[in-house]
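Reproduced below: query-v4.cif, with mmCIF, C-alpha atoms and all ligand atoms.
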data_data
#
loop_
_atom_site.group_PDB
_atom_site.id
_atom_site.type_symbol
_atom_site.label_atom_id
_atom_site.label_comp_id
_atom_site.auth_asym_id
_atom_site.auth_seq_id
_atom_site.Cartn_x
_atom_site.Cartn_y
_atom_site.Cartn_z
ATOM 1 C CA MET B 2 -14.014 0.470 -19.046
ATOM 2 C CA ILE B 3 -12.350 3.193 -17.015
ATOM 3 C CA THR B 4 -13.316 6.886 -17.021
ATOM 4 C CA ILE B 5 -10.268 9.146 -16.969
ATOM 5 C CA ALA B 6 -10.500 12.862 -16.259
ATOM 6 C CA SER B 7 -8.401 15.612 -14.783
ATOM 7 C CA THR B 8 -9.355 17.359 -11.580
ATOM 8 C CA PRO B 9 -7.998 20.739 -10.430
ATOM 9 C CA VAL B 10 -6.573 20.849 -6.899
ATOM 10 C CA LYS B 11 -5.116 23.696 -4.834
ATOM 11 C CA THR B 12 -2.212 21.569 -3.642
ATOM 12 C CA TYR B 13 -0.852 18.067 -4.079
ATOM 13 C CA LEU B 14 0.056 17.916 -0.403
ATOM 14 C CA SER B 15 -2.084 16.614 2.432
ATOM 15 C CA LYS B 16 -0.951 16.871 6.035
ATOM 16 C CA SER B 17 -0.251 13.326 7.119
ATOM 17 C CA LYS B 18 -2.349 11.571 9.726
ATOM 18 C CA ILE B 19 -0.014 8.575 9.494
ATOM 19 C CA PRO B 20 2.644 8.675 12.228
ATOM 20 C CA GLY B 21 6.140 9.012 10.808
ATOM 21 C CA PHE B 22 5.178 11.177 7.837
ATOM 22 C CA ASP B 23 4.692 14.928 7.532
ATOM 23 C CA TYR B 24 2.814 14.921 4.237
ATOM 24 C CA VAL B 25 1.066 12.490 1.928
ATOM 25 C CA ILE B 26 0.745 12.947 -1.819
ATOM 26 C CA ASN B 27 -1.959 11.067 -3.701
ATOM 27 C CA PRO B 28 -1.409 12.098 -7.339
ATOM 28 C CA TYR B 29 -4.627 10.403 -8.469
ATOM 29 C CA VAL B 30 -8.158 9.970 -7.178
ATOM 30 C CA GLY B 31 -9.240 6.367 -7.692
ATOM 31 C CA CYS B 32 -7.187 3.269 -8.290
ATOM 32 C CA PRO B 33 -7.487 0.789 -11.164
ATOM 33 C CA HIS B 34 -5.801 -1.969 -9.169
ATOM 34 C CA LYS B 35 -9.246 -2.829 -7.808
ATOM 35 C CA CYS B 36 -8.149 -4.647 -4.669
ATOM 36 C CA VAL B 37 -11.154 -6.360 -3.167
ATOM 37 C CA TYR B 38 -10.445 -5.044 0.334
ATOM 38 C CA CYS B 39 -9.452 -1.501 -0.687
ATOM 39 C CA TYR B 40 -9.930 0.834 2.304
ATOM 40 C CA ALA B 41 -9.611 3.869 0.056
ATOM 41 C CA GLU B 42 -12.970 3.287 -1.581
ATOM 42 C CA TYR B 43 -14.510 5.958 0.659
ATOM 43 C CA MET B 44 -12.771 8.457 -1.641
ATOM 44 C CA ARG B 45 -15.463 7.741 -4.209
ATOM 45 C CA LYS B 46 -18.022 9.562 -2.073
ATOM 46 C CA PHE B 47 -15.816 12.673 -1.796
ATOM 47 C CA SER B 48 -15.014 12.726 -5.503
ATOM 48 C CA GLY B 49 -18.664 12.629 -6.563
ATOM 49 C CA HIS B 50 -18.108 9.602 -8.803
ATOM 50 C CA THR B 51 -20.904 7.092 -9.254
ATOM 51 C CA GLU B 52 -18.797 4.476 -11.035
ATOM 52 C CA GLU B 53 -17.507 1.447 -9.176
ATOM 53 C CA TRP B 54 -14.180 1.874 -7.381
ATOM 54 C CA GLY B 55 -11.495 1.075 -9.915
ATOM 55 C CA ASP B 56 -13.594 2.253 -12.871
ATOM 56 C CA PHE B 57 -12.583 5.919 -12.659
ATOM 57 C CA LEU B 58 -9.321 7.767 -12.320
ATOM 58 C CA ASP B 59 -8.930 11.502 -11.800
ATOM 59 C CA ILE B 60 -5.543 12.979 -12.543
ATOM 60 C CA LYS B 61 -4.872 15.837 -10.158
ATOM 61 C CA GLU B 62 -3.801 19.124 -11.720
ATOM 62 C CA CYS B 63 -2.241 21.855 -9.630
ATOM 63 C CA ALA B 64 -0.798 25.081 -11.023
ATOM 64 C CA VAL B 65 1.340 25.711 -7.931
ATOM 65 C CA PRO B 66 4.667 23.812 -7.786
ATOM 66 C CA LEU B 67 5.813 22.124 -4.561
ATOM 67 C CA ARG B 68 7.714 24.614 -2.395
ATOM 68 C CA PRO B 69 11.247 23.705 -1.262
ATOM 69 C CA ALA B 70 10.969 25.976 1.798
ATOM 70 C CA GLN B 71 7.930 24.013 2.983
ATOM 71 C CA LEU B 72 9.247 20.554 2.179
ATOM 72 C CA PHE B 73 12.965 20.679 3.047
ATOM 73 C CA ARG B 74 13.774 17.395 4.800
ATOM 74 C CA THR B 75 10.121 16.641 5.501
ATOM 75 C CA ARG B 76 8.937 13.043 5.252
ATOM 76 C CA VAL B 77 6.564 12.608 2.347
ATOM 77 C CA MET B 78 4.627 9.454 1.566
ATOM 78 C CA LEU B 79 3.285 8.480 -1.870
ATOM 79 C CA SER B 80 0.611 7.233 -1.544
ATOM 80 C CA SER B 81 -2.114 6.341 0.945
ATOM 81 C CA VAL B 82 -5.400 6.230 -1.000
ATOM 82 C CA THR B 83 -4.234 5.412 -4.517
ATOM 83 C CA ASP B 84 -1.302 3.600 -6.089
ATOM 84 C CA PRO B 85 1.151 6.204 -7.412
ATOM 85 C CA TYR B 86 2.227 3.604 -10.003
ATOM 86 C CA ASN B 87 -1.163 2.601 -11.344
ATOM 87 C CA PRO B 88 -0.915 1.588 -15.037
ATOM 88 C CA TYR B 89 -1.977 5.055 -16.269
ATOM 89 C CA GLU B 90 1.065 6.626 -14.609
ATOM 90 C CA GLN B 91 3.054 5.188 -17.528
ATOM 91 C CA GLN B 92 1.157 7.527 -19.828
ATOM 92 C CA TYR B 93 0.532 10.564 -17.611
ATOM 93 C CA GLY B 94 3.772 10.621 -15.621
ATOM 94 C CA LEU B 95 2.374 12.708 -12.759
ATOM 95 C CA THR B 96 4.120 10.740 -10.001
ATOM 96 C CA ARG B 97 7.405 11.118 -11.872
ATOM 97 C CA ARG B 98 6.963 14.890 -12.233
ATOM 98 C CA LEU B 99 6.159 15.198 -8.523
ATOM 99 C CA LEU B 100 9.246 13.185 -7.578
ATOM 100 C CA GLN B 101 11.368 15.505 -9.716
ATOM 101 C CA GLN B 102 9.998 18.438 -7.709
ATOM 102 C CA LEU B 103 10.556 16.597 -4.421
ATOM 103 C CA ILE B 104 14.239 16.117 -5.307
ATOM 104 C CA VAL B 105 14.564 19.881 -5.672
ATOM 105 C CA CYS B 106 12.817 20.301 -2.300
ATOM 106 C CA GLN B 107 15.209 17.781 -0.693
ATOM 107 C CA ALA B 108 12.267 15.961 0.826
ATOM 108 C CA HIS B 109 12.604 12.460 2.225
ATOM 109 C CA VAL B 110 10.320 10.153 0.323
ATOM 110 C CA TYR B 111 8.608 6.892 1.096
ATOM 111 C CA ILE B 112 6.917 5.107 -1.798
ATOM 112 C CA LEU B 113 4.250 2.461 -1.215
ATOM 113 C CA THR B 114 3.058 0.546 -4.262
ATOM 114 C CA LYS B 115 1.908 -2.772 -5.662
ATOM 115 C CA SER B 116 3.301 -2.121 -9.134
ATOM 116 C CA THR B 117 6.679 -2.761 -10.689
ATOM 117 C CA LEU B 118 6.210 0.372 -12.795
ATOM 118 C CA VAL B 119 8.023 1.931 -9.831
ATOM 119 C CA LEU B 120 11.297 0.684 -11.375
ATOM 120 C CA ARG B 121 10.943 3.305 -14.104
ATOM 121 C CA ASP B 122 11.901 5.958 -11.510
ATOM 122 C CA LEU B 123 15.009 4.252 -10.167
ATOM 123 C CA ASP B 124 17.112 7.086 -11.607
ATOM 124 C CA LEU B 125 15.149 9.563 -9.457
ATOM 125 C CA PHE B 126 15.265 7.518 -6.253
ATOM 126 C CA LYS B 127 19.055 7.585 -6.435
ATOM 127 C CA GLN B 128 18.982 11.377 -6.277
ATOM 128 C CA PHE B 129 17.244 11.577 -2.886
ATOM 129 C CA ALA B 130 19.250 11.772 0.336
ATOM 130 C CA GLU B 131 16.508 9.639 1.956
ATOM 131 C CA CYS B 132 14.291 7.334 -0.039
ATOM 132 C CA GLU B 133 12.524 4.067 0.681
ATOM 133 C CA VAL B 134 10.441 1.974 -1.696
ATOM 134 C CA ALA B 135 7.928 -0.404 -0.147
ATOM 135 C CA PHE B 136 5.814 -3.069 -1.788
ATOM 136 C CA SER B 137 2.723 -4.411 -0.123
ATOM 137 C CA PHE B 138 2.157 -8.149 -0.085
ATOM 138 C CA SER B 139 -1.106 -9.560 1.240
ATOM 139 C CA SER B 140 0.182 -13.040 0.400
ATOM 140 C CA ALA B 141 3.138 -14.857 -1.113
ATOM 141 C CA ASP B 142 0.689 -16.941 -3.132
ATOM 142 C CA ASP B 143 -0.035 -15.424 -6.525
ATOM 143 C CA SER B 144 -3.347 -17.256 -6.974
ATOM 144 C CA PHE B 145 -4.684 -15.241 -4.021
ATOM 145 C CA ARG B 146 -3.109 -12.048 -5.393
ATOM 146 C CA GLN B 147 -4.898 -12.620 -8.717
ATOM 147 C CA LEU B 148 -8.248 -12.902 -6.962
ATOM 148 C CA ALA B 149 -7.808 -10.133 -4.403
ATOM 149 C CA GLU B 150 -5.604 -7.616 -6.237
ATOM 150 C CA PRO B 151 -6.320 -8.180 -9.928
ATOM 151 C CA GLY B 152 -4.612 -5.007 -11.171
ATOM 152 C CA ALA B 153 -1.433 -5.324 -9.124
ATOM 153 C CA SER B 154 1.876 -6.834 -10.230
ATOM 154 C CA SER B 155 2.371 -10.518 -9.490
ATOM 155 C CA VAL B 156 4.179 -11.818 -6.418
ATOM 156 C CA SER B 157 7.222 -12.838 -8.464
ATOM 157 C CA GLU B 158 7.326 -9.508 -10.318
ATOM 158 C CA LYS B 159 7.267 -7.602 -7.031
ATOM 159 C CA THR B 160 9.972 -9.831 -5.563
ATOM 160 C CA ASP B 161 12.182 -9.305 -8.633
ATOM 161 C CA ALA B 162 11.593 -5.557 -8.383
ATOM 162 C CA LEU B 163 12.671 -5.573 -4.715
ATOM 163 C CA LYS B 164 15.860 -7.349 -5.771
ATOM 164 C CA THR B 165 16.530 -4.751 -8.478
ATOM 165 C CA LEU B 166 15.961 -1.859 -6.060
ATOM 166 C CA HIS B 167 18.073 -3.475 -3.350
ATOM 167 C CA GLU B 168 20.950 -4.127 -5.755
ATOM 168 C CA ALA B 169 20.742 -0.506 -6.898
ATOM 169 C CA GLY B 170 21.265 0.609 -3.281
ATOM 170 C CA ILE B 171 17.715 1.795 -2.626
ATOM 171 C CA ARG B 172 16.305 1.090 0.825
ATOM 172 C CA THR B 173 13.349 -1.270 0.575
ATOM 173 C CA ALA B 174 10.468 -2.378 2.762
ATOM 174 C CA VAL B 175 7.644 -4.860 2.602
ATOM 175 C CA MET B 176 4.252 -4.078 4.046
ATOM 176 C CA GLY B 177 2.648 -7.449 4.807
ATOM 177 C CA ALA B 178 -0.871 -6.131 4.532
ATOM 178 C CA PRO B 179 -3.628 -6.720 4.839
ATOM 179 C CA LEU B 180 -3.148 -10.108 6.457
ATOM 180 C CA PHE B 181 -6.144 -12.335 5.661
ATOM 181 C CA PRO B 182 -6.786 -14.922 8.423
ATOM 182 C CA GLY B 183 -6.266 -18.453 7.157
ATOM 183 C CA ILE B 184 -4.811 -17.216 3.844
ATOM 184 C CA SER B 185 -1.861 -14.837 4.254
ATOM 185 C CA ARG B 186 1.175 -16.856 5.275
ATOM 186 C CA TRP B 187 3.262 -14.046 6.713
ATOM 187 C CA LYS B 188 6.329 -16.265 7.159
ATOM 188 C CA ASP B 189 6.276 -17.096 3.433
ATOM 189 C CA ILE B 190 6.239 -13.377 2.622
ATOM 190 C CA ILE B 191 9.367 -12.916 4.747
ATOM 191 C CA THR B 192 11.125 -15.997 3.358
ATOM 192 C CA LEU B 193 10.478 -14.926 -0.220
ATOM 193 C CA THR B 194 11.648 -11.343 0.122
ATOM 194 C CA ARG B 195 14.113 -11.272 3.016
ATOM 195 C CA PRO B 196 17.355 -11.066 0.998
ATOM 196 C CA TYR B 197 16.212 -7.781 -0.564
ATOM 197 C CA VAL B 198 14.339 -6.068 2.255
ATOM 198 C CA ASN B 199 15.531 -3.690 4.975
ATOM 199 C CA ARG B 200 12.412 -3.749 7.096
ATOM 200 C CA TYR B 201 8.882 -5.097 7.383
ATOM 201 C CA GLY B 202 5.538 -3.804 8.558
ATOM 202 C CA PHE B 203 2.447 -5.942 9.134
ATOM 203 C CA ASP B 204 -1.149 -4.890 9.310
ATOM 204 C CA SER B 205 -4.388 -6.756 9.898
ATOM 205 C CA LEU B 206 -7.373 -7.015 7.589
ATOM 206 C CA ASN B 207 -9.637 -4.109 8.382
ATOM 207 C CA MET B 208 -13.246 -5.138 8.685
ATOM 208 C CA ARG B 209 -15.035 -1.865 9.298
ATOM 209 C CA PRO B 210 -18.753 -2.159 8.518
ATOM 210 C CA ALA B 211 -18.353 -0.394 5.152
ATOM 211 C CA TYR B 212 -16.034 -3.134 3.837
ATOM 212 C CA GLN B 213 -17.475 -6.119 5.657
ATOM 213 C CA LYS B 214 -20.063 -7.129 3.058
ATOM 214 C CA LYS B 215 -17.563 -7.024 0.209
ATOM 215 C CA VAL B 216 -14.844 -8.955 2.025
ATOM 216 C CA ILE B 217 -17.195 -11.557 3.500
ATOM 217 C CA GLY B 218 -18.730 -11.951 0.012
ATOM 218 C CA PHE B 219 -15.239 -12.553 -1.391
ATOM 219 C CA ILE B 220 -14.479 -15.172 1.292
ATOM 220 C CA THR B 221 -17.864 -16.848 0.704
ATOM 221 C CA ARG B 222 -17.180 -17.130 -3.037
ATOM 222 C CA HIS B 223 -13.564 -18.227 -2.948
ATOM 223 C CA TYR B 224 -12.799 -19.616 0.522
ATOM 224 C CA PRO B 225 -16.141 -20.835 1.984
ATOM 225 C CA GLN B 226 -14.316 -23.216 4.332
ATOM 226 C CA LEU B 227 -12.922 -20.148 6.143
ATOM 227 C CA LEU B 228 -16.306 -18.579 6.907
ATOM 228 C CA PRO B 229 -16.482 -19.959 10.487
ATOM 229 C CA LEU B 230 -13.039 -18.484 11.200
ATOM 230 C CA TYR B 231 -14.034 -15.090 9.753
ATOM 231 C CA SER B 232 -17.258 -15.165 11.698
ATOM 232 C CA ASP B 233 -15.329 -15.815 14.932
ATOM 233 C CA ILE B 234 -12.824 -13.047 14.286
ATOM 234 C CA PHE B 235 -14.989 -10.361 12.735
ATOM 235 C CA LEU B 236 -18.672 -10.963 13.299
ATOM 236 C CA GLN B 237 -18.964 -11.609 17.039
ATOM 237 C CA GLU B 238 -19.757 -8.922 19.580
ATOM 238 C CA GLU B 239 -16.925 -9.998 21.871
ATOM 239 C CA PRO B 240 -13.565 -9.228 20.242
ATOM 240 C CA THR B 241 -11.265 -12.240 19.896
ATOM 241 C CA ASP B 242 -7.578 -12.277 20.724
ATOM 242 C CA TYR B 243 -6.725 -13.521 17.209
ATOM 243 C CA TRP B 244 -4.775 -10.386 16.198
ATOM 244 C CA LYS B 245 -3.051 -10.061 19.577
ATOM 245 C CA LYS B 246 -1.754 -13.623 19.333
ATOM 246 C CA LEU B 247 -0.771 -13.247 15.685
ATOM 247 C CA GLY B 248 1.057 -10.001 16.414
ATOM 248 C CA GLU B 249 2.986 -11.638 19.247
ATOM 249 C CA GLU B 250 3.865 -14.594 17.012
ATOM 250 C CA ILE B 251 5.213 -12.346 14.252
ATOM 251 C CA GLN B 252 7.090 -10.165 16.737
ATOM 252 C CA SER B 253 8.684 -13.137 18.438
ATOM 253 C CA TYR B 254 9.753 -14.741 15.127
ATOM 254 C CA CYS B 255 11.220 -11.477 13.834
ATOM 255 C CA GLN B 256 13.146 -10.881 17.073
ATOM 256 C CA GLN B 257 14.564 -14.403 16.933
ATOM 257 C CA GLU B 258 15.557 -14.000 13.289
ATOM 258 C CA ASN B 259 16.875 -10.478 13.789
ATOM 259 C CA ILE B 260 14.378 -9.033 11.328
ATOM 260 C CA ARG B 261 13.318 -5.411 11.710
ATOM 261 C CA ALA B 262 9.529 -5.456 11.828
ATOM 262 C CA GLU B 263 6.697 -3.313 13.095
ATOM 263 C CA ILE B 264 3.197 -4.550 13.831
ATOM 264 C CA TYR B 265 0.448 -2.024 13.172
ATOM 265 C CA PHE B 266 -2.582 -4.121 14.145
ATOM 266 C CA GLY B 267 -5.193 -1.772 15.530
ATOM 267 C CA SER B 268 -2.787 1.190 15.650
ATOM 268 C CA SER B 269 -3.265 4.633 14.194
ATOM 269 C CA ARG B 270 -0.763 3.693 11.548
ATOM 270 C CA SER B 271 -3.238 1.316 9.934
ATOM 271 C CA TYR B 272 -2.864 1.686 6.195
ATOM 272 C CA SER B 273 -5.931 3.164 4.669
ATOM 273 C CA GLY B 274 -5.461 2.174 1.105
ATOM 274 C CA ASN B 275 -2.484 1.002 -0.755
HETATM 275 S S1 LIG X 301 -5.501 -1.138 -1.891
HETATM 276 FE FE1 LIG X 301 -4.100 0.332 -2.840
HETATM 277 S S2 LIG X 301 -3.490 -0.616 -4.784
HETATM 278 FE FE2 LIG X 301 -5.352 -1.646 -4.081
HETATM 279 S S3 LIG X 301 -7.059 -0.566 -5.072
HETATM 280 FE FE3 LIG X 301 -6.760 0.346 -3.043
HETATM 281 S S4 LIG X 301 -5.389 2.068 -3.375
HETATM 282 FE FE4 LIG X 301 -5.241 0.735 -5.171
#
Is it possible to express this structure as structure tokens?
Ligand code: SF4
Amino acid sequence: MITIASTPVKTYLSKSKIPGFDYVINPYVGCPHKCVYCYAEYMRKFSGHTEEWGDFLDIKECAVPLRPAQLFRTRVMLSSVTDPYNPYEQQYGLTRRLLQQLIVCQAHVYILTKSTLVLRDLDLFKQFAECEVAFSFSSADDSFRQLAEPGASSVSEKTDALKTLHEAGIRTAVMGAPLFPGISRWKDIITLTRPYVNRYGFDSLNMRPAYQKKVIGFITRHYPQLLPLYSDIFLQEEPTDYWKKLGEEIQSYCQQENIRAEIYFGSSRSYSGN
């Protein structure tokens, strides 16, 4: 059961700490997609909610419209600590209303989602001078997606949506993230989506202490055979070179195949949510 409420805010805009973007807009606080590794869960503390992450959703309400003078040709990302196309967006339409304002502002927008509800706004994307829609894939295997990202669209639905966007002339990207050691077959993600994707980004599984218990618990329940690997990579005092080697492998493959890809492992561009 999810608790839905509205929350007044002074502005929808946050100054971006993610390189490459000027502003981030998170239309909602909370995210019903309930990904097991969600890095945005720290938002719960700031929002004062006591429910589990995924069991509340605050709809932001701001009386002040976005200002064209402030946003003209700025790079705006939706979203970093929620999914702008969570299932309740269908009903509340806040992301859509914000996009309509961003068109007026002539902002450049970058959408990151795990939901095919994004296709609803295809008519708006076509009105931007600069627009990119990215889907994140932690795996090309939908049985893993069902376990790890229960509220997100399936792998095949996301792939079909990329095709639709690509055929409509919208620039697309795939964020291969987070990559789970021993589970996420990054080459499969590329093979599946390559005909419809302009560029890729890859990011590692983040195992900060706050998320460690949850993620290790998930691996223990569903992939116990991988526990020694996870212990080697994440639980030893001496850091391993696992991510360095993996990053080099991905980079080398993408160069060979002429695929535009960026590796964010350990960088300040690490994705902190969606
Ligand atoms: S990772 Fe993204 S889509 Fe998943 S619960 Fe967190 S904010 Fe939502």
**OP:** Please write the residues picked by the PyMOL selection byres (((not hetatm)) within 8 of (chain X and resi 301)) on this file as a list in words.
**Re:**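 Given this file, the PyMOL selection byres (((not hetatm)) within 8 of (chain X and resi 301)) evaluates to Gly31, Cys32, Pro33, His34, Lys35, Cys36, Val37, Tyr38, Cys39, Tyr40, Ala41, Glu42, Trp54, Gly55, Ser81, Val82, Thr83, Asp84, Asn87, Thr114, Lys115, Glu150, Gly152, Ala153, Ser273, Gly274 and Asn275 of chain B.
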Subject >> Top pick for closest residue to Val10 in chain B, considering B:Val105, B:Cys63, B:Leu123, B:Val134 and counting all atoms listed in the file >> reply: B:Cys63
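Once Tyr231 in chain B and its same-chain neighbours fewer than 5 positions away are set aside, Phe181, Pro182, Gly183, Ile184, Leu206, Asn207, Met208, Gln213, Val216, Ile217, Gly218, Phe219, Ile220, Thr221, Tyr224, Pro225, Gln226, Leu236, Gln237, Thr241 and Tyr243 of chain B remain within 12 Å of it when counting only C-alpha atoms.
Here the PyMOL selection byres (((chain B and resi 124) around 12) and not hetatm) catches exactly these residues: B:Arg97, B:Leu100, B:Gln101, B:Ile104, B:Val119, B:Leu120, B:Arg121, B:Asp122, B:Leu123, B:Leu125, B:Phe126, B:Lys127, B:Gln128, B:Phe129, B:Cys132, B:Leu166, B:Ala169, B:Gly170, B:Ile171.
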Keeping only C-alpha atoms, write the selected residues as a PDB file, in the frame of the given file.
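The result, stored in again.pdb:
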ATOM      1  CA  ARG B  97       7.405  11.118 -11.872  1.00  0.00           C
ATOM      2  CA  LEU B 100       9.246  13.185  -7.578  1.00  0.00           C
ATOM      3  CA  GLN B 101      11.368  15.505  -9.716  1.00  0.00           C
ATOM      4  CA  ILE B 104      14.239  16.117  -5.307  1.00  0.00           C
ATOM      5  CA  VAL B 119       8.023   1.931  -9.831  1.00  0.00           C
ATOM      6  CA  LEU B 120      11.297   0.684 -11.375  1.00  0.00           C
ATOM      7  CA  ARG B 121      10.943   3.305 -14.104  1.00  0.00           C
ATOM      8  CA  ASP B 122      11.901   5.958 -11.510  1.00  0.00           C
ATOM      9  CA  LEU B 123      15.009   4.252 -10.167  1.00  0.00           C
ATOM     10  CA  LEU B 125      15.149   9.563  -9.457  1.00  0.00           C
ATOM     11  CA  PHE B 126      15.265   7.518  -6.253  1.00  0.00           C
ATOM     12  CA  LYS B 127      19.055   7.585  -6.435  1.00  0.00           C
ATOM     13  CA  GLN B 128      18.982  11.377  -6.277  1.00  0.00           C
ATOM     14  CA  PHE B 129      17.244  11.577  -2.886  1.00  0.00           C
ATOM     15  CA  CYS B 132      14.291   7.334  -0.039  1.00  0.00           C
ATOM     16  CA  LEU B 166      15.961  -1.859  -6.060  1.00  0.00           C
ATOM     17  CA  ALA B 169      20.742  -0.506  -6.898  1.00  0.00           C
ATOM     18  CA  GLY B 170      21.265   0.609  -3.281  1.00  0.00           C
ATOM     19  CA  ILE B 171      17.715   1.795  -2.626  1.00  0.00           C
TER      20      ILE B 171
END
**OP:** Could you expand the PyMOL selection byres (((chain B and resi 260) around 9) and not hetatm) into the explicit residues it covers here, written as JSON, numbers by chain?
**Re:** {"B": [195, 199, 200, 201, 254, 255, 256, 257, 258, 259, 261, 262]}
Create the file for the chosen residues now, containing C-alpha atoms and written as a PDB file, keeping the file's coordinate frame.
ATOM      1  CA  ARG B 195      14.113 -11.272   3.016  1.00  0.00           C
ATOM      2  CA  ASN B 199      15.531  -3.690   4.975  1.00  0.00           C
ATOM      3  CA  ARG B 200      12.412  -3.749   7.096  1.00  0.00           C
ATOM      4  CA  TYR B 201       8.882  -5.097   7.383  1.00  0.00           C
ATOM      5  CA  TYR B 254       9.753 -14.741  15.127  1.00  0.00           C
ATOM      6  CA  CYS B 255      11.220 -11.477  13.834  1.00  0.00           C
ATOM      7  CA  GLN B 256      13.146 -10.881  17.073  1.00  0.00           C
ATOM      8  CA  GLN B 257      14.564 -14.403  16.933  1.00  0.00           C
ATOM      9  CA  GLU B 258      15.557 -14.000  13.289  1.00  0.00           C
ATOM     10  CA  ASN B 259      16.875 -10.478  13.789  1.00  0.00           C
ATOM     11  CA  ARG B 261      13.318  -5.411  11.710  1.00  0.00           C
ATOM     12  CA  ALA B 262       9.529  -5.456  11.828  1.00  0.00           C
TER      13      ALA B 262
END
**OP:** For Thr8 in chain B, work out the shell of residues within 7 Å, counting only C-alpha atoms and skipping chain neighbours fewer than 6 positions away, then give it as a list in words.
**Re:** Asp59, Ile60, Lys61 and Glu62 of chain B
**OP:** Considering all atoms listed in the file, return as JSON, numbers by chain whatever protein or nucleic-acid residues lie within 12 Å of Gln102 in chain B, sequence-local ones (same chain, fewer than 2 positions apart) excluded.
**Re:** {"B": [13, 65, 66, 67, 68, 69, 72, 73, 95, 96, 97, 98, 99, 100, 104, 105, 106, 107, 108, 109, 110, 125, 128, 129]}
Original post:
Quick one, how far is CA of Lys246 in chain B from CA of Ser205 in chain B?
Top reply: 12.0 Å
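Of the residues listed (B:His167, B:Arg209, B:Lys16, B:Arg172), B:His167 shows the shortest atom-to-atom separation from Tyr197 in chain B; distances use all atoms listed in the file.
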**OP:** Kindly provide, as a list in words, the polymer residues lying within 6 Å of (6.4, 7.6, -5.1), counting only C-alpha atoms and using the coordinates exactly as they appear in the file.
**Re:**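 With a cut-off of 6 Å, the residues come to Leu79, Pro85 and Ile112 of chain B.
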What would the file look like if the residues just selected were written as a CSV table (one decimal), in the frame of the given file with C-alpha atoms?
chain,number,residue,atom,x,y,z
B,79,LEU,CA,3.3,8.5,-1.9
B,85,PRO,CA,1.2,6.2,-7.4
B,112,ILE,CA,6.9,5.1,-1.8
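With all atoms listed in the file as the atoms that count, the residue of B:Lys159, B:Lys18, B:Arg74, B:Lys164 with the shortest distance to Leu103 in chain B is B:Arg74.
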**OP:** For CA of Glu133 in chain B and CA of Ala174 in chain B, determine how far apart the two atoms are, in Å to one decimal place.
**Re:**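 Computed distance, CA of Glu133 in chain B to CA of Ala174 in chain B, equals 7.1 Å.
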Subject >> For Gly94 in chain B, the nearest of the candidates B:Tyr29, B:Phe47, B:Phe145, B:Tyr111, counting only C-alpha atoms >> reply: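 Of B:Tyr29, B:Phe47, B:Phe145, B:Tyr111, the one nearest Gly94 in chain B, counting only C-alpha atoms, is B:Tyr29.
Between CA of Ser144 in chain B and CA of Leu118 in chain B lies a distance of 20.9 Å.
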